[in-house]
$ cat query-v4.txt   # compact mmCIF, C-alpha atoms (C1' of nucleotides)
# COMPACT_ATOMS: atom_id res chain seq x y z
CA MET T 1 -37.36 -112.28 -197.41
CA GLU T 2 -35.72 -112.78 -200.79
CA ASN T 3 -32.03 -112.13 -200.89
CA ALA T 4 -31.97 -108.42 -201.64
CA ARG T 5 -28.43 -108.44 -202.89
CA GLU T 6 -29.22 -111.18 -205.37
CA LEU T 7 -32.05 -109.12 -206.82
CA PHE T 8 -29.95 -106.02 -207.21
CA GLN T 9 -27.03 -107.99 -208.61
CA ILE T 10 -29.21 -109.39 -211.37
CA MET T 11 -30.79 -106.02 -212.03
CA THR T 12 -27.40 -104.42 -212.39
CA ARG T 13 -26.30 -107.04 -214.83
CA ARG T 14 -29.48 -107.06 -216.85
CA LEU T 15 -29.51 -103.30 -217.08
CA GLY T 16 -26.31 -103.75 -219.02
CA LEU T 17 -24.40 -101.62 -216.59
CA LEU T 18 -21.35 -103.79 -216.96
CA ASN T 19 -21.17 -103.02 -220.64
CA LYS T 20 -18.31 -100.82 -221.55
CA ASP T 21 -20.14 -99.01 -224.29
CA CYS T 22 -23.54 -98.28 -222.90
CA CYS T 23 -24.89 -96.18 -225.71
CA SER T 24 -24.40 -95.79 -229.42
CA VAL T 25 -26.00 -93.05 -231.44
CA SER T 26 -25.39 -92.58 -235.17
CA GLY T 27 -21.87 -93.93 -235.11
CA ILE T 28 -20.91 -92.32 -231.83
CA ASN T 29 -20.13 -94.74 -229.02
CA LEU T 30 -20.30 -93.52 -225.46
CA SER T 31 -19.24 -95.22 -222.27
CA LEU T 32 -21.51 -95.36 -219.26
CA ALA T 33 -19.36 -92.68 -217.62
CA GLN T 34 -19.65 -90.41 -220.64
CA SER T 35 -23.40 -90.77 -220.82
CA HIS T 36 -23.66 -89.89 -217.14
CA LEU T 37 -21.46 -86.88 -217.72
CA LEU T 38 -23.67 -85.59 -220.53
CA HIS T 39 -26.77 -86.30 -218.51
CA GLU T 40 -25.49 -84.42 -215.51
CA VAL T 41 -24.46 -81.39 -217.53
CA VAL T 42 -27.95 -81.24 -219.03
CA ARG T 43 -29.60 -81.53 -215.64
CA ARG T 44 -27.68 -78.71 -214.07
CA ASP T 45 -27.31 -75.21 -215.28
CA ASN T 46 -23.80 -74.50 -216.51
CA PRO T 47 -22.09 -76.44 -213.73
CA SER T 48 -18.38 -76.21 -213.07
CA MET T 49 -16.08 -79.16 -213.69
CA GLN T 50 -15.61 -79.79 -209.98
CA GLN T 51 -19.32 -79.87 -209.33
CA VAL T 52 -20.03 -82.48 -211.96
CA ALA T 53 -16.97 -84.54 -211.09
CA GLU T 54 -18.01 -84.65 -207.47
CA THR T 55 -21.58 -85.58 -208.29
CA LEU T 56 -20.36 -88.43 -210.44
CA GLY T 57 -17.82 -89.52 -207.86
CA THR T 58 -15.04 -89.34 -210.41
CA ASP T 59 -11.49 -88.23 -209.68
CA VAL T 60 -11.12 -84.68 -211.00
CA THR T 61 -8.12 -85.53 -213.11
CA THR T 62 -9.93 -88.40 -214.74
CA PHE T 63 -12.93 -86.17 -215.18
CA SER T 64 -10.83 -83.49 -216.81
CA ARG T 65 -9.76 -85.98 -219.43
CA GLN T 66 -13.27 -87.30 -219.93
CA VAL T 67 -14.35 -83.76 -220.66
CA GLN T 68 -11.45 -83.28 -223.05
CA SER T 69 -12.46 -86.32 -225.03
CA LEU T 70 -16.08 -85.18 -225.19
CA ILE T 71 -14.88 -81.77 -226.36
CA LYS T 72 -12.89 -83.48 -229.09
CA MET T 73 -16.09 -85.27 -230.09
CA ASP T 74 -17.71 -81.84 -230.17
CA LEU T 75 -20.38 -82.79 -227.66
CA VAL T 76 -19.31 -80.59 -224.77
CA LYS T 77 -18.20 -76.97 -224.43
CA LYS T 78 -16.00 -75.47 -221.72
CA THR T 79 -16.55 -71.80 -221.00
CA PRO T 80 -14.40 -69.72 -218.66
CA ASP T 81 -16.41 -68.34 -215.78
CA PRO T 82 -16.34 -64.53 -215.96
CA GLY T 83 -16.58 -64.22 -212.18
CA ASP T 84 -13.76 -66.62 -211.32
CA ARG T 85 -11.13 -67.22 -213.91
CA ARG T 86 -10.05 -70.51 -212.35
CA VAL T 87 -13.42 -72.01 -213.05
CA PHE T 88 -14.71 -73.51 -216.26
CA THR T 89 -18.37 -73.95 -216.89
CA LEU T 90 -19.66 -76.94 -218.82
CA SER T 91 -22.42 -77.04 -221.38
CA LEU T 92 -23.44 -79.17 -224.32
CA THR T 93 -23.03 -78.27 -227.96
CA GLU T 94 -26.06 -78.56 -230.22
CA GLU T 95 -24.78 -81.96 -231.28
CA GLY T 96 -24.24 -82.86 -227.65
CA LYS T 97 -27.79 -81.94 -226.81
CA ARG T 98 -29.05 -83.99 -229.71
CA ILE T 99 -27.00 -87.02 -228.65
CA ALA T 100 -27.98 -86.69 -225.01
CA ALA T 101 -31.64 -86.42 -225.94
CA THR T 102 -31.38 -89.42 -228.22
CA ILE T 103 -29.77 -91.55 -225.54
CA ASP T 104 -32.50 -90.45 -223.21
CA GLN T 105 -35.11 -91.54 -225.72
CA GLN T 106 -33.38 -94.86 -226.33
CA MET T 107 -33.15 -95.60 -222.65
CA ASN T 108 -36.76 -94.67 -222.14
CA SER T 109 -37.82 -96.75 -225.10
CA TYR T 110 -35.86 -99.71 -223.74
CA LEU T 111 -37.51 -99.24 -220.37
CA GLU T 112 -40.89 -98.94 -222.06
CA GLU T 113 -40.30 -102.22 -223.81
CA VAL T 114 -39.43 -103.87 -220.51
CA PHE T 115 -42.52 -102.33 -218.94
CA SER T 116 -44.63 -103.75 -221.75
CA TYR T 117 -44.25 -107.12 -220.07
CA MET T 118 -46.04 -105.76 -217.02
CA THR T 119 -49.45 -104.40 -216.25
CA GLU T 120 -49.81 -100.64 -216.04
CA PHE T 121 -50.23 -101.00 -212.29
CA GLU T 122 -47.00 -102.98 -211.93
CA LYS T 123 -45.16 -100.44 -213.99
CA GLU T 124 -46.33 -97.59 -211.81
CA THR T 125 -45.37 -99.59 -208.75
CA VAL T 126 -41.89 -100.21 -210.08
CA LEU T 127 -41.34 -96.55 -210.90
CA ARG T 128 -42.59 -95.44 -207.53
CA SER T 129 -40.35 -98.02 -205.92
CA VAL T 130 -37.26 -96.79 -207.70
CA GLN T 131 -38.10 -93.28 -206.64
CA LEU T 132 -38.57 -94.38 -203.03
CA PHE T 133 -35.35 -96.29 -203.16
CA ASN T 134 -33.43 -93.33 -204.56
CA GLU T 135 -34.74 -91.09 -201.83
CA ALA T 136 -33.76 -93.62 -199.19
CA MET T 137 -30.28 -93.92 -200.67
CA GLY T 138 -30.01 -90.17 -200.57
CA LYS T 139 -30.64 -90.26 -196.83
CA SER T 140 -28.13 -93.02 -196.23
CA SER T 141 -24.77 -92.02 -194.85
CA ARG T 142 -23.15 -94.75 -196.90
CA CYS T 143 -24.77 -93.59 -200.09
CA CYS T 144 -22.85 -93.55 -203.31
CA ALA T 145 -19.61 -94.93 -201.97
CA PRO T 146 -17.99 -98.26 -202.71
CA VAL T 147 -18.81 -100.97 -200.21
CA THR T 148 -16.00 -101.33 -197.70
CA GLY T 149 -15.34 -103.43 -194.64
CA MET A 1 -45.39 -90.21 -215.75
CA GLU A 2 -42.03 -89.44 -214.19
CA ASN A 3 -39.07 -89.70 -216.51
CA ALA A 4 -38.17 -93.35 -216.11
CA ARG A 5 -34.68 -92.90 -217.43
CA GLU A 6 -33.94 -90.19 -214.92
CA LEU A 7 -34.95 -92.47 -212.08
CA PHE A 8 -32.78 -95.32 -213.25
CA GLN A 9 -29.87 -93.00 -213.97
CA ILE A 10 -29.89 -91.74 -210.41
CA MET A 11 -30.31 -95.21 -209.02
CA THR A 12 -27.33 -96.43 -210.99
CA ARG A 13 -25.21 -93.61 -209.74
CA ARG A 14 -26.32 -93.85 -206.14
CA LEU A 15 -25.79 -97.58 -206.10
CA GLY A 16 -22.17 -96.71 -206.66
CA LEU A 17 -22.04 -98.74 -209.82
CA LEU A 18 -19.74 -96.26 -211.43
CA ASN A 19 -17.12 -96.84 -208.78
CA LYS A 20 -14.15 -98.71 -210.05
CA ASP A 21 -13.59 -100.61 -206.82
CA CYS A 22 -16.99 -101.71 -205.69
CA CYS A 23 -15.97 -103.86 -202.77
CA SER A 24 -13.15 -104.03 -200.30
CA VAL A 25 -12.75 -106.85 -197.83
CA SER A 26 -9.85 -107.11 -195.42
CA GLY A 27 -7.37 -105.39 -197.69
CA ILE A 28 -8.60 -107.03 -200.87
CA ASN A 29 -10.10 -104.66 -203.42
CA LEU A 30 -12.41 -106.02 -206.06
CA SER A 31 -13.88 -104.35 -209.10
CA LEU A 32 -17.56 -104.57 -209.90
CA ALA A 33 -16.73 -107.08 -212.63
CA GLN A 34 -14.73 -109.24 -210.26
CA SER A 35 -17.47 -109.25 -207.66
CA HIS A 36 -19.97 -110.31 -210.31
CA LEU A 37 -17.62 -113.04 -211.41
CA LEU A 38 -17.32 -114.46 -207.90
CA HIS A 39 -21.04 -114.15 -207.37
CA GLU A 40 -21.84 -116.01 -210.55
CA VAL A 41 -19.42 -118.84 -209.80
CA VAL A 42 -21.03 -119.29 -206.39
CA ARG A 43 -24.51 -119.33 -207.87
CA ARG A 44 -23.79 -122.01 -210.43
CA ASP A 45 -22.32 -125.41 -209.87
CA ASN A 46 -18.82 -125.66 -211.27
CA PRO A 47 -19.57 -123.68 -214.41
CA SER A 48 -17.21 -123.50 -217.36
CA MET A 49 -15.41 -120.29 -218.29
CA GLN A 50 -17.59 -119.78 -221.36
CA GLN A 51 -20.78 -120.12 -219.40
CA VAL A 52 -19.86 -117.50 -216.86
CA ALA A 53 -18.37 -115.16 -219.43
CA GLU A 54 -21.53 -115.30 -221.49
CA THR A 55 -23.76 -114.73 -218.49
CA LEU A 56 -21.75 -111.69 -217.54
CA GLY A 57 -21.66 -110.42 -221.10
CA THR A 58 -17.90 -110.20 -221.02
CA ASP A 59 -15.61 -110.97 -223.92
CA VAL A 60 -14.09 -114.40 -223.30
CA THR A 61 -10.55 -113.17 -223.67
CA THR A 62 -11.15 -110.45 -221.13
CA PHE A 63 -12.86 -112.95 -218.92
CA SER A 64 -9.92 -115.33 -219.17
CA ARG A 65 -7.69 -112.62 -217.82
CA GLN A 66 -10.10 -111.66 -215.08
CA VAL A 67 -10.05 -115.27 -213.95
CA GLN A 68 -6.26 -115.33 -214.07
CA SER A 69 -6.05 -112.34 -211.80
CA LEU A 70 -8.54 -113.85 -209.34
CA ILE A 71 -6.52 -117.06 -209.37
CA LYS A 72 -3.41 -115.05 -208.54
CA MET A 73 -5.33 -113.57 -205.62
CA ASP A 74 -6.13 -117.15 -204.63
CA LEU A 75 -9.88 -116.59 -204.75
CA VAL A 76 -10.73 -118.78 -207.73
CA LYS A 77 -9.73 -122.26 -208.86
CA LYS A 78 -9.70 -123.62 -212.39
CA THR A 79 -10.16 -127.38 -212.73
CA PRO A 80 -9.85 -129.26 -216.02
CA ASP A 81 -13.10 -130.97 -216.95
CA PRO A 82 -12.50 -134.72 -217.04
CA GLY A 83 -15.15 -135.22 -219.72
CA ASP A 84 -13.87 -132.57 -222.13
CA ARG A 85 -10.27 -131.55 -221.86
CA ARG A 86 -10.84 -128.24 -223.61
CA VAL A 87 -13.05 -127.10 -220.79
CA PHE A 88 -12.07 -125.63 -217.46
CA THR A 89 -14.44 -125.59 -214.57
CA LEU A 90 -14.48 -122.69 -212.13
CA SER A 91 -14.89 -122.78 -208.40
CA LEU A 92 -13.96 -120.64 -205.43
CA THR A 93 -11.19 -121.34 -202.96
CA GLU A 94 -12.05 -121.28 -199.28
CA GLU A 95 -10.76 -117.74 -199.17
CA GLY A 96 -12.81 -116.91 -202.26
CA LYS A 97 -15.94 -118.27 -200.61
CA ARG A 98 -15.21 -116.23 -197.52
CA ILE A 99 -14.69 -113.05 -199.53
CA ALA A 100 -17.77 -113.63 -201.67
CA ALA A 101 -19.89 -114.25 -198.59
CA THR A 102 -18.53 -111.15 -196.91
CA ILE A 103 -19.29 -108.96 -199.92
CA ASP A 104 -22.75 -110.45 -199.97
CA GLN A 105 -23.21 -109.53 -196.33
CA GLN A 106 -21.86 -106.03 -196.87
CA MET A 107 -24.16 -105.40 -199.79
CA ASN A 108 -27.13 -106.74 -197.89
CA SER A 109 -26.23 -104.66 -194.89
CA TYR A 110 -25.95 -101.57 -197.07
CA LEU A 111 -29.32 -102.34 -198.59
CA GLU A 112 -30.78 -102.93 -195.14
CA GLU A 113 -29.55 -99.54 -194.06
CA VAL A 114 -31.18 -97.95 -197.08
CA PHE A 115 -34.38 -99.84 -196.34
CA SER A 116 -34.30 -98.56 -192.79
CA TYR A 117 -35.47 -95.22 -194.18
CA MET A 118 -38.65 -96.88 -195.42
CA THR A 119 -41.58 -98.62 -193.87
CA GLU A 120 -41.61 -102.40 -193.95
CA PHE A 121 -44.37 -102.20 -196.53
CA GLU A 122 -42.37 -99.91 -198.79
CA LYS A 123 -39.37 -102.17 -198.50
CA GLU A 124 -41.38 -105.21 -199.53
CA THR A 125 -42.83 -103.24 -202.40
CA VAL A 126 -39.41 -102.21 -203.61
CA LEU A 127 -38.06 -105.76 -203.46
CA ARG A 128 -41.08 -107.13 -205.28
CA SER A 129 -40.69 -104.39 -207.87
CA VAL A 130 -37.07 -105.22 -208.53
CA GLN A 131 -38.04 -108.85 -208.93
CA LEU A 132 -40.81 -107.94 -211.34
CA PHE A 133 -38.48 -105.70 -213.25
CA ASN A 134 -35.82 -108.39 -213.52
CA GLU A 135 -38.35 -110.87 -214.85
CA ALA A 136 -39.56 -108.36 -217.41
CA MET A 137 -36.01 -107.62 -218.50
CA GLY A 138 -35.47 -111.33 -218.89
CA LYS A 139 -38.37 -111.46 -221.35
CA SER A 140 -37.15 -108.47 -223.33
CA SER A 141 -35.38 -109.15 -226.57
CA ARG A 142 -33.14 -106.19 -225.93
CA CYS A 143 -32.21 -107.38 -222.48
CA CYS A 144 -28.68 -107.08 -221.23
CA ALA A 145 -27.24 -105.42 -224.28
CA PRO A 146 -25.91 -101.89 -224.65
CA VAL A 147 -28.40 -99.39 -225.94
CA THR A 148 -27.96 -98.90 -229.65
CA GLY A 149 -29.62 -96.81 -232.29
C1' DC I 1 0.06 -54.05 -200.73
C1' DC I 2 2.48 -58.25 -200.74
C1' DT I 3 3.11 -62.72 -198.90
C1' DT I 4 0.86 -66.97 -197.77
C1' DT I 5 -2.57 -70.19 -198.31
C1' DA I 6 -6.48 -72.25 -200.70
C1' DT I 7 -8.94 -73.60 -204.92
C1' DA I 8 -9.87 -75.10 -210.04
C1' DG I 9 -8.08 -77.31 -213.40
C1' DT I 10 -4.35 -79.79 -216.29
C1' DT I 11 -0.28 -83.02 -217.29
C1' DG I 12 3.22 -86.79 -216.54
C1' DC I 13 3.50 -91.27 -215.49
C1' DA I 14 2.75 -95.94 -214.44
C1' DC I 15 -0.70 -99.35 -214.14
C1' DT I 16 -4.94 -101.73 -215.45
C1' DT I 17 -8.52 -103.08 -218.47
C1' DT I 18 -10.44 -103.89 -222.69
C1' DG I 19 -11.45 -106.32 -227.36
C1' DC I 20 -9.90 -108.06 -231.65
C1' DA I 21 -7.08 -111.17 -234.19
C1' DA I 22 -4.40 -115.06 -234.06
C1' DA I 23 -2.70 -119.22 -231.85
C1' DT I 24 -3.19 -123.73 -229.31
C1' DA I 25 -5.41 -127.71 -227.91
C1' DT I 26 -9.05 -130.81 -227.94
C1' DA I 27 -13.53 -132.70 -229.67
C1' DA I 28 -16.91 -133.82 -233.25
C1' DT I 29 -18.15 -134.79 -237.95
C1' DC I 30 -17.87 -136.60 -242.47
C1' DG H 1 -7.97 -139.54 -241.26
C1' DA H 2 -8.97 -134.94 -242.75
C1' DT H 3 -11.94 -131.12 -241.90
C1' DT H 4 -14.51 -128.35 -239.04
C1' DA H 5 -16.12 -126.63 -234.61
C1' DT H 6 -15.36 -125.40 -229.73
C1' DA H 7 -12.79 -123.82 -225.34
C1' DT H 8 -9.32 -121.26 -223.79
C1' DT H 9 -5.09 -118.45 -224.01
C1' DT H 10 -1.73 -114.89 -225.74
C1' DG H 11 -0.07 -110.61 -228.59
C1' DC H 12 -1.03 -106.55 -229.40
C1' DA H 13 -2.69 -101.61 -229.33
C1' DA H 14 -5.99 -98.48 -227.54
C1' DA H 15 -8.37 -96.42 -223.75
C1' DG H 16 -9.22 -95.37 -218.84
C1' DT H 17 -7.64 -94.72 -214.12
C1' DG H 18 -5.50 -92.31 -209.83
C1' DC H 19 -1.68 -90.10 -207.69
C1' DA H 20 1.73 -86.65 -207.54
C1' DA H 21 3.25 -82.58 -209.33
C1' DC H 22 2.32 -78.38 -211.91
C1' DT H 23 -0.02 -73.83 -213.44
C1' DA H 24 -3.10 -70.20 -212.81
C1' DT H 25 -6.13 -67.58 -210.20
C1' DA H 26 -8.47 -66.13 -205.89
C1' DA H 27 -8.81 -65.18 -200.88
C1' DA H 28 -6.89 -64.12 -196.41
C1' DG H 29 -3.55 -62.16 -193.07
C1' DG H 30 -0.32 -59.11 -191.54

$ encode --input "query-v4.txt" --output "structure tokens"
Amino acid sequence: MENARELFQIMTRRLGLLNKDCCSVSGINLSLAQSHLLHEVVRRDNPSMQQVAETLGTDVTTFSRQVQSLIKMDLVKKTPDPGDRRVFTLSLTEEGKRIAATIDQQMNSYLEEVFSYMTEFEKETVLRSVQLFNEAMGKSSRCCAPVTG
Amino acid sequence: MENARELFQIMTRRLGLLNKDCCSVSGINLSLAQSHLLHEVVRRDNPSMQQVAETLGTDVTTFSRQVQSLIKMDLVKKTPDPGDRRVFTLSLTEEGKRIAATIDQQMNSYLEEVFSYMTEFEKETVLRSVQLFNEAMGKSSRCCAPVTG
DNA sequence: CCTTTATAGTTGCACTTTGCAAATATAATC
DNA sequence: GATTATATTTGCAAAGTGCAACTATAAAGG
């Protein structure tokens, strides 16, 4: 078998995941962490800070500041939860939604371009593979944590 | 078709690529960038700083400092190129080789565990898909750069 | 109730990482 | 021999990080 690690190492690099600024939209530069934050807030329905921080595996204090900076950029809103006044609920501003959607489009268009070098069948295979792989990672006990030994 | 971006977003997150310290070996903690640096030096034969920096898409000045810190940790060696005295050639110390090999093992073992939730056929499909995808990214003009628009 | 304990979130601080601009040192060119 | 190009290193200043400590609210126990 091919060296699996080698394949994933190259993929990681080529996906540009090491780039500090992953996404730029109309003058706004976002880090990879910020784009994940936006993405996750869109996906969920008015999640609390804790929830999103935990999903992203970010320290809550760091997360708190990430949110602050996105609020300053007017992309994210923080709303006090009426049921529990300790909790703040996150949502995107109109601008935030626009930016998040644009990044989504850009990513998809980048992926589409990459897929254009494959046959339709290969593309479907790749997508199904990623899905399979994600599901398997979800089952793994070591999922989502740094590698340690 | 599934939302391709969504799939890759989750994969990125689950792969733990957002973690600051990706790899820990016997008390030594390495960042994702550092592990890529080691990996790339192993792969190539006594590459120059520039070469590796460019491959990794890192600013050379940042890269220079990353190397310095790995030298301090006694994982990397810098040797002046006899042919061109401006150039320094990178290699790993014995300890560096050991660490790099261990990280490689750990990653592979993590991947193996993930693959254990699939059939052998699925696993082979996934690996072939990643390979296909890497090749396609290599052909793309937008490969390896941050997403911009 | 009212005290204790738990939870959600924010700040202070010290440390690290980053990139740009500028500097140094060597090579190549004219 | 002077100019120009290349490889690498430093000086910043800005941004990101986690831990410990803090505030504010909620839940639990007597």

$ residues_around --input "query-v4.txt" --residues "DT10 (chain I)" --least-positions-apart "2" --cutoff "10 Å" --atoms "only C-alpha atoms (C1' of nucleotides)" --output "tab-separated table (two decimals) with C-alpha atoms (C1' of nucleotides), in the coordinates of the input"
chain	number	residue	atom	x	y	z
T	60	VAL	CA	-11.12	-84.68	-211.00
T	61	THR	CA	-8.12	-85.53	-213.11
T	64	SER	CA	-10.83	-83.49	-216.81
T	65	ARG	CA	-9.76	-85.98	-219.43
I	8	DA	C1'	-9.87	-75.10	-210.04
H	22	DC	C1'	2.32	-78.38	-211.91
H	23	DT	C1'	-0.02	-73.83	-213.44

$ interface_residues --input "query-v4.txt" --of "chain T" --to "chain I" --cutoff "12 Å" --atoms "only C-alpha atoms (C1' of nucleotides)" --output "ChimeraX atom specification"
/T:19-21,48-51,53,60-65,67-68,78,80-81,84-89

$ atom_distance --input "query-v4.txt" --atom1 "CA of Gly96 (chain A)" --atom2 "CA of Phe115 (chain A)"
28.1 Å

$ atom_distance --input "query-v4.txt" --atom1 "CA of Val52 (chain A)" --atom2 "CA of Phe133 (chain A)"
22.3 Å

$ closest_atom_pairs --input "query-v4.txt" --of "chain H" --to "chain A" --cutoff "8 Å" --atoms "all atoms listed in the file" --output "JSON lines"
{"residue": "H:DA7", "atom": "C1'", "partner": "A:Arg86", "partner_atom": "CA", "distance": 5.1}
{"residue": "H:DT8", "atom": "C1'", "partner": "A:Arg86", "partner_atom": "CA", "distance": 7.1}
{"residue": "H:DT9", "atom": "C1'", "partner": "A:Ser64", "partner_atom": "CA", "distance": 7.5}

$ residues_around --input "query-v4.txt" --residues "Asn46 (chain T)" --least-positions-apart "6" --cutoff "9 Å" --atoms "all atoms listed in the file" --output "list in words"
Thr79, Thr89, Leu90 and Ser91 of chain T

$ closest_residue --input "query-v4.txt" --among "A:Leu37, A:Ile103, A:Cys22, A:Leu30" --to "chain T" --atoms "only C-alpha atoms"
A:Cys22

$ atom_distance --input "query-v4.txt" --atom1 "CA of Lys97 (chain A)" --atom2 "CA of Thr55 (chain A)"
19.8 Å

$ closest_residue --input "query-v4.txt" --among "T:Ala136, T:Val41, T:Leu92, T:Leu70" --to "chain A" --atoms "all atoms listed in the file"
T:Ala136

$ decode --input "query-v4.txt" --residues "chain H" --atoms "C-alpha atoms (C1' of nucleotides)" --output "short mmCIF file (atom, residue, chain, number, x, y, z; two decimals), in the first residue's frame"
data_model
loop_
_atom_site.label_atom_id
_atom_site.label_comp_id
_atom_site.auth_asym_id
_atom_site.auth_seq_id
_atom_site.Cartn_x
_atom_site.Cartn_y
_atom_site.Cartn_z
"C1'" DG H 1 35.41 46.38 -11.19
"C1'" DA H 2 30.80 48.08 -10.70
"C1'" DT H 3 26.09 46.70 -10.88
"C1'" DT H 4 22.60 43.57 -10.22
"C1'" DA H 5 20.57 39.31 -8.51
"C1'" DT H 6 20.10 35.65 -4.99
"C1'" DA H 7 20.15 33.32 -0.21
"C1'" DT H 8 19.60 34.06 4.29
"C1'" DT H 9 19.09 36.73 8.59
"C1'" DT H 10 17.42 40.45 11.80
"C1'" DG H 11 14.27 44.49 13.49
"C1'" DC H 12 10.19 45.52 14.12
"C1'" DA H 13 5.06 45.64 15.02
"C1'" DA H 14 0.85 43.17 14.76
"C1'" DA H 15 -1.87 39.17 15.73
"C1'" DG H 16 -2.93 34.72 17.96
"C1'" DT H 17 -2.51 31.47 21.77
"C1'" DG H 18 -3.40 29.19 26.54
"C1'" DC H 19 -3.44 29.50 31.43
"C1'" DA H 20 -4.89 31.59 35.57
"C1'" DA H 21 -7.87 34.61 37.58
"C1'" DC H 22 -12.14 37.22 37.42
"C1'" DT H 23 -17.34 38.35 36.85
"C1'" DA H 24 -21.95 37.07 36.40
"C1'" DT H 25 -25.53 33.91 36.53
"C1'" DA H 26 -27.67 29.37 37.52
"C1'" DA H 27 -28.40 25.04 40.14
"C1'" DA H 28 -28.19 22.25 44.25
"C1'" DG H 29 -28.17 21.25 49.27
"C1'" DG H 30 -29.27 21.99 53.78
#
